[in-house]
Protein chains: 2
Amino acid sequence: MQVKKSYREPTFRCSCAITSALDILGDKWALVIVKQMLFEGAETFKDFTESKERIATNILSSKLKFLEGLGIVLKSQKPGNKKTNYYHLTPKGIALTPVVVELALWSHENLRTLNPTIGDYEELENIKVNKEDYCKKLMEAYRKKRASL
Amino acid sequence: MQVKKSYREPTFRCSCAITSALDILGDKWALVIVKQMLFEGAETFKDFTESKERIATNILSSKLKFLEGLGIVLKSQKPGNKKTNYYHLTPKGIALTPVVVELALWSHENLRTLNPTIGDYEELENIKVNKEDYCKKLMEAYRKKRASL
DNA sequence: TAAAATAACTTGCAAAATGCAAGTAATATT
DNA sequence: AATATTACTTGCATTTTGCAAGTTATTTTA
């Protein structure tokens with residue numbers, strides 16, 4: 001019996017590192033999901049569906065499986081609860097922090113005329129002067145929070 | 001008479017800066033095109049179609065128009081040639097350099113097991129220790145090259 | 001402990017994006 | 001004048017995404 005998978009296997013267009021990253025992350029949802037975990041504390045399936053992006057459950061389900069299959073996301077069961085699953089970033093997923101932060105910076109500086117609903121974020125100037133440090137702290141904070149489960 | 005556009009207008013899912021960036025860049029091609037301009041000297045329609053990613057001409061055409069409409073790419077005519085067009089990154093497009101560089105770094109460290117054709121790139125360790133400087137130099141080099149047309 | 005609520009899905013179908021092959025139109029070259 | 005080149009467009013098949021409505025297995029509440 002054949003099992004129909006709801007998510008695709010990754011295929012790589014060529015040997016370019018950047019293109020290969022986009023073979024995996026180049027869609028509307030993958031990095032949004034990573035962002036929700038990293039910045040917004042999303043952990044459970046429900047957390048994601050309730051976010052302001054309103055991801056559809058079928059897409060969410062298949063993307064989480066896809067990212068899990070790649071070792072970017074790890075699925076585990078909430079202790080003492082057989083129903084609720086936890087989704088967390090693996091080190092490979094946490095390593096995407098600088099990518100997401102750079103997108104945020106670019107967006108704030110270049111997209112606010114196109115999407116005026118993007119707010120002015122004071123802290124941004126401070127982040128800009130030491131991105132490295134900011135990312136490191138963010139990643140450390142995520143790791144810590146995860147470890148304390 | 002109605003003009004059928006081959007490219008979509010950008011629509012923003014919400015007020016999140018990161019999600020908004022992905023509303024524009026979250027697909028298989030946008031950042032590949034930016035990369036080709038930034039790192040591989042792609043300037044003309046032909047340059048893009050001959051790249052190793054083998055982008056289809058209809059996709060290329062619509063993506064270039066889309067990016068042009070957003071002020072990320074600027075189209076101009078090659079001097080003394082009425083046929084060939086030049087496509088270049090605007091400051092808004094050049095500002096994507098750090099995003100692309102972070103993708104490259106992440107890919108080299110996390111994707112080489114999945115796509116072994118991604119080569120080992122010695123210089124990468126040096127780039128890692130001073131990303132800021134590397135990006136600045138890259139952007140400056142691109143600007144210079146563009147100015148000398 | 002039966003009924004209701006919740007979490008994490010799956011399925012079906014419509015719409016949009018992408019991919020491929022084959023055009024076309026306007027230059028440029030021979 | 002004939003051929004080649006560049007920058008496209010068009011049509012159609014495939015894949016991905018979006019939306020609404022299920023389904024199943026656990027909790028929770030009355």
# chains A, B, ... in the order shown; residues from 1 in each chain; ligands from 1
$ residues_around --residues "A:Val73" --least-positions-apart "5" --cutoff "6 Å" --atoms "only C-alpha atoms (C1' of nucleotides)" --output "list in words"
Leu67, Glu68, His88, Leu89 and Thr90 of chain A
$ interface_residues --of "chain A" --to "chain C" --cutoff "9 Å" --atoms "only C-alpha atoms (C1' of nucleotides)" --output "ChimeraX atom specification"
/A:44-46,57-58,61,83-85
$ atom_distance --atom1 "atom CA of A:Met37" --atom2 "atom CA of B:Glu9"
28.7 Å
$ closest_atom_pairs --of "chain B" --to "chain A" --cutoff "8 Å" --atoms "only C-alpha atoms" --output "JSON lines"
{"residue": "B:Phe12", "atom": "CA", "partner": "A:Asn115", "partner_atom": "CA", "distance": 7.0}
{"residue": "B:Arg13", "atom": "CA", "partner": "A:Glu53", "partner_atom": "CA", "distance": 6.1}
{"residue": "B:Cys14", "atom": "CA", "partner": "A:Glu53", "partner_atom": "CA", "distance": 6.4}
{"residue": "B:Ser15", "atom": "CA", "partner": "A:Ile118", "partner_atom": "CA", "distance": 4.7}
{"residue": "B:Cys16", "atom": "CA", "partner": "A:Ile118", "partner_atom": "CA", "distance": 6.1}
{"residue": "B:Ala17", "atom": "CA", "partner": "A:Ala104", "partner_atom": "CA", "distance": 5.5}
{"residue": "B:Ile18", "atom": "CA", "partner": "A:Ala104", "partner_atom": "CA", "distance": 4.9}
{"residue": "B:Thr19", "atom": "CA", "partner": "A:Val32", "partner_atom": "CA", "distance": 6.1}
{"residue": "B:Ser20", "atom": "CA", "partner": "A:Ser107", "partner_atom": "CA", "distance": 7.1}
{"residue": "B:Ala21", "atom": "CA", "partner": "A:Ser107", "partner_atom": "CA", "distance": 5.6}
{"residue": "B:Leu22", "atom": "CA", "partner": "A:Lys28", "partner_atom": "CA", "distance": 5.9}
{"residue": "B:Asp23", "atom": "CA", "partner": "A:Lys28", "partner_atom": "CA", "distance": 6.5}
{"residue": "B:Leu25", "atom": "CA", "partner": "A:Gly26", "partner_atom": "CA", "distance": 7.9}
{"residue": "B:Gly26", "atom": "CA", "partner": "A:Asp27", "partner_atom": "CA", "distance": 4.5}
{"residue": "B:Asp27", "atom": "CA", "partner": "A:Asp27", "partner_atom": "CA", "distance": 4.3}
{"residue": "B:Lys28", "atom": "CA", "partner": "A:Gly26", "partner_atom": "CA", "distance": 4.8}
{"residue": "B:Trp29", "atom": "CA", "partner": "A:Gly26", "partner_atom": "CA", "distance": 7.8}
{"residue": "B:Leu31", "atom": "CA", "partner": "A:Leu22", "partner_atom": "CA", "distance": 7.9}
{"residue": "B:Val32", "atom": "CA", "partner": "A:Thr19", "partner_atom": "CA", "distance": 6.1}
{"residue": "B:Lys35", "atom": "CA", "partner": "A:Ile18", "partner_atom": "CA", "distance": 7.7}
{"residue": "B:Lys52", "atom": "CA", "partner": "A:Cys14", "partner_atom": "CA", "distance": 6.7}
{"residue": "B:Glu53", "atom": "CA", "partner": "A:Arg13", "partner_atom": "CA", "distance": 6.1}
{"residue": "B:Lys92", "atom": "CA", "partner": "A:Asn110", "partner_atom": "CA", "distance": 6.2}
{"residue": "B:Ala95", "atom": "CA", "partner": "A:Trp106", "partner_atom": "CA", "distance": 6.8}
{"residue": "B:Leu96", "atom": "CA", "partner": "A:Trp106", "partner_atom": "CA", "distance": 6.7}
{"residue": "B:Pro98", "atom": "CA", "partner": "A:Glu102", "partner_atom": "CA", "distance": 6.4}
{"residue": "B:Val99", "atom": "CA", "partner": "A:Glu102", "partner_atom": "CA", "distance": 5.4}
{"residue": "B:Val100", "atom": "CA", "partner": "A:Ile18", "partner_atom": "CA", "distance": 7.0}
{"residue": "B:Glu102", "atom": "CA", "partner": "A:Val99", "partner_atom": "CA", "distance": 5.4}
{"residue": "B:Leu103", "atom": "CA", "partner": "A:Ile18", "partner_atom": "CA", "distance": 5.8}
{"residue": "B:Ala104", "atom": "CA", "partner": "A:Ile18", "partner_atom": "CA", "distance": 4.9}
{"residue": "B:Trp106", "atom": "CA", "partner": "A:Leu96", "partner_atom": "CA", "distance": 6.7}
{"residue": "B:Ser107", "atom": "CA", "partner": "A:Ala17", "partner_atom": "CA", "distance": 5.5}
{"residue": "B:His108", "atom": "CA", "partner": "A:Ala17", "partner_atom": "CA", "distance": 6.3}
{"residue": "B:Asn110", "atom": "CA", "partner": "A:Lys92", "partner_atom": "CA", "distance": 6.2}
{"residue": "B:Leu111", "atom": "CA", "partner": "A:Ala21", "partner_atom": "CA", "distance": 7.5}
{"residue": "B:Asn115", "atom": "CA", "partner": "A:Phe12", "partner_atom": "CA", "distance": 7.1}
{"residue": "B:Thr117", "atom": "CA", "partner": "A:Ser15", "partner_atom": "CA", "distance": 5.0}
{"residue": "B:Ile118", "atom": "CA", "partner": "A:Ser15", "partner_atom": "CA", "distance": 4.7}
{"residue": "B:Gly119", "atom": "CA", "partner": "A:Ser15", "partner_atom": "CA", "distance": 7.3}
$ closest_atom_pairs --of "chain D" --to "chain B" --cutoff "10 Å" --atoms "only C-alpha atoms (C1' of nucleotides)" --output "JSON lines"
{"residue": "D:DT5", "atom": "C1'", "partner": "B:Lys83", "partner_atom": "CA", "distance": 9.3}
{"residue": "D:DT6", "atom": "C1'", "partner": "B:Thr84", "partner_atom": "CA", "distance": 6.1}
{"residue": "D:DA7", "atom": "C1'", "partner": "B:Phe45", "partner_atom": "CA", "distance": 6.8}
{"residue": "D:DC8", "atom": "C1'", "partner": "B:Ser61", "partner_atom": "CA", "distance": 7.3}
{"residue": "D:DT9", "atom": "C1'", "partner": "B:Asn58", "partner_atom": "CA", "distance": 7.8}
{"residue": "D:DT10", "atom": "C1'", "partner": "B:Asn58", "partner_atom": "CA", "distance": 9.6}
$ closest_residue --among "B:Tyr134, B:Tyr142, B:Tyr87, B:Tyr121" --to "B:Ala42" --atoms "only C-alpha atoms"
B:Tyr87
$ atom_distance --atom1 "atom CA of B:Lys145" --atom2 "atom CA of B:Glu43"
11.2 Å
$ select_by_dssp --residues "stretch 50-99 of chain B" --states "helix (DSSP H, G or I)" --output "PyMOL selection string"
chain B and resi 57-69+91-94+97-99
$ write_last_selection --atoms "N, CA and C atoms" --output "PDB file, in the first residue's frame"
ATOM      1  N   THR B  57      11.556  31.523 -18.967  1.00  0.00           N
ATOM      2  CA  THR B  57      11.474  32.918 -19.414  1.00  0.00           C
ATOM      3  C   THR B  57      10.198  33.624 -18.961  1.00  0.00           C
ATOM      4  N   ASN B  58       9.101  32.898 -18.880  1.00  0.00           N
ATOM      5  CA  ASN B  58       7.856  33.547 -18.443  1.00  0.00           C
ATOM      6  C   ASN B  58       7.924  33.951 -16.966  1.00  0.00           C
ATOM      7  N   ILE B  59       8.508  33.091 -16.155  1.00  0.00           N
ATOM      8  CA  ILE B  59       8.669  33.398 -14.726  1.00  0.00           C
ATOM      9  C   ILE B  59       9.625  34.576 -14.578  1.00  0.00           C
ATOM     10  N   LEU B  60      10.746  34.502 -15.293  1.00  0.00           N
ATOM     11  CA  LEU B  60      11.741  35.574 -15.219  1.00  0.00           C
ATOM     12  C   LEU B  60      11.124  36.916 -15.582  1.00  0.00           C
ATOM     13  N   SER B  61      10.423  36.919 -16.691  1.00  0.00           N
ATOM     14  CA  SER B  61       9.781  38.147 -17.157  1.00  0.00           C
ATOM     15  C   SER B  61       8.848  38.729 -16.096  1.00  0.00           C
ATOM     16  N   SER B  62       8.009  37.878 -15.532  1.00  0.00           N
ATOM     17  CA  SER B  62       7.036  38.399 -14.569  1.00  0.00           C
ATOM     18  C   SER B  62       7.705  38.795 -13.248  1.00  0.00           C
ATOM     19  N   LYS B  63       8.714  38.033 -12.829  1.00  0.00           N
ATOM     20  CA  LYS B  63       9.403  38.372 -11.573  1.00  0.00           C
ATOM     21  C   LYS B  63      10.173  39.681 -11.700  1.00  0.00           C
ATOM     22  N   LEU B  64      10.819  39.891 -12.845  1.00  0.00           N
ATOM     23  CA  LEU B  64      11.568  41.134 -13.039  1.00  0.00           C
ATOM     24  C   LEU B  64      10.614  42.331 -13.000  1.00  0.00           C
ATOM     25  N   LYS B  65       9.455  42.163 -13.625  1.00  0.00           N
ATOM     26  CA  LYS B  65       8.462  43.241 -13.606  1.00  0.00           C
ATOM     27  C   LYS B  65       7.960  43.488 -12.188  1.00  0.00           C
ATOM     28  N   PHE B  66       7.728  42.411 -11.486  1.00  0.00           N
ATOM     29  CA  PHE B  66       7.259  42.505 -10.101  1.00  0.00           C
ATOM     30  C   PHE B  66       8.276  43.257  -9.236  1.00  0.00           C
ATOM     31  N   LEU B  67       9.544  42.847  -9.339  1.00  0.00           N
ATOM     32  CA  LEU B  67      10.601  43.485  -8.550  1.00  0.00           C
ATOM     33  C   LEU B  67      10.825  44.927  -8.993  1.00  0.00           C
ATOM     34  N   GLU B  68      10.645  45.179 -10.282  1.00  0.00           N
ATOM     35  CA  GLU B  68      10.759  46.538 -10.797  1.00  0.00           C
ATOM     36  C   GLU B  68       9.640  47.409 -10.209  1.00  0.00           C
ATOM     37  N   GLY B  69       8.440  46.851 -10.190  1.00  0.00           N
ATOM     38  CA  GLY B  69       7.293  47.570  -9.649  1.00  0.00           C
ATOM     39  C   GLY B  69       7.460  47.934  -8.176  1.00  0.00           C
ATOM     40  N   PRO B  91      19.026  50.748  -4.644  1.00  0.00           N
ATOM     41  CA  PRO B  91      19.504  50.697  -3.250  1.00  0.00           C
ATOM     42  C   PRO B  91      18.668  49.740  -2.397  1.00  0.00           C
ATOM     43  N   LYS B  92      17.360  49.739  -2.634  1.00  0.00           N
ATOM     44  CA  LYS B  92      16.474  48.831  -1.907  1.00  0.00           C
ATOM     45  C   LYS B  92      16.837  47.366  -2.174  1.00  0.00           C
ATOM     46  N   GLY B  93      17.239  47.099  -3.409  1.00  0.00           N
ATOM     47  CA  GLY B  93      17.653  45.746  -3.773  1.00  0.00           C
ATOM     48  C   GLY B  93      19.026  45.406  -3.220  1.00  0.00           C
ATOM     49  N   ILE B  94      19.942  46.365  -3.311  1.00  0.00           N
ATOM     50  CA  ILE B  94      21.293  46.159  -2.779  1.00  0.00           C
ATOM     51  C   ILE B  94      21.237  45.893  -1.279  1.00  0.00           C
ATOM     52  N   THR B  97      21.539  42.436   0.450  1.00  0.00           N
ATOM     53  CA  THR B  97      22.811  41.709   0.557  1.00  0.00           C
ATOM     54  C   THR B  97      22.960  40.910   1.858  1.00  0.00           C
ATOM     55  N   PRO B  98      22.746  41.533   3.029  1.00  0.00           N
ATOM     56  CA  PRO B  98      22.921  40.755   4.259  1.00  0.00           C
ATOM     57  C   PRO B  98      21.992  39.545   4.351  1.00  0.00           C
ATOM     58  N   VAL B  99      20.778  39.681   3.845  1.00  0.00           N
ATOM     59  CA  VAL B  99      19.843  38.552   3.863  1.00  0.00           C
ATOM     60  C   VAL B  99      20.419  37.401   3.047  1.00  0.00           C
TER      61      VAL B  99
END
$ atom_distance --atom1 "atom CA of B:Glu40" --atom2 "atom C1' of D:DA4"
25.9 Å
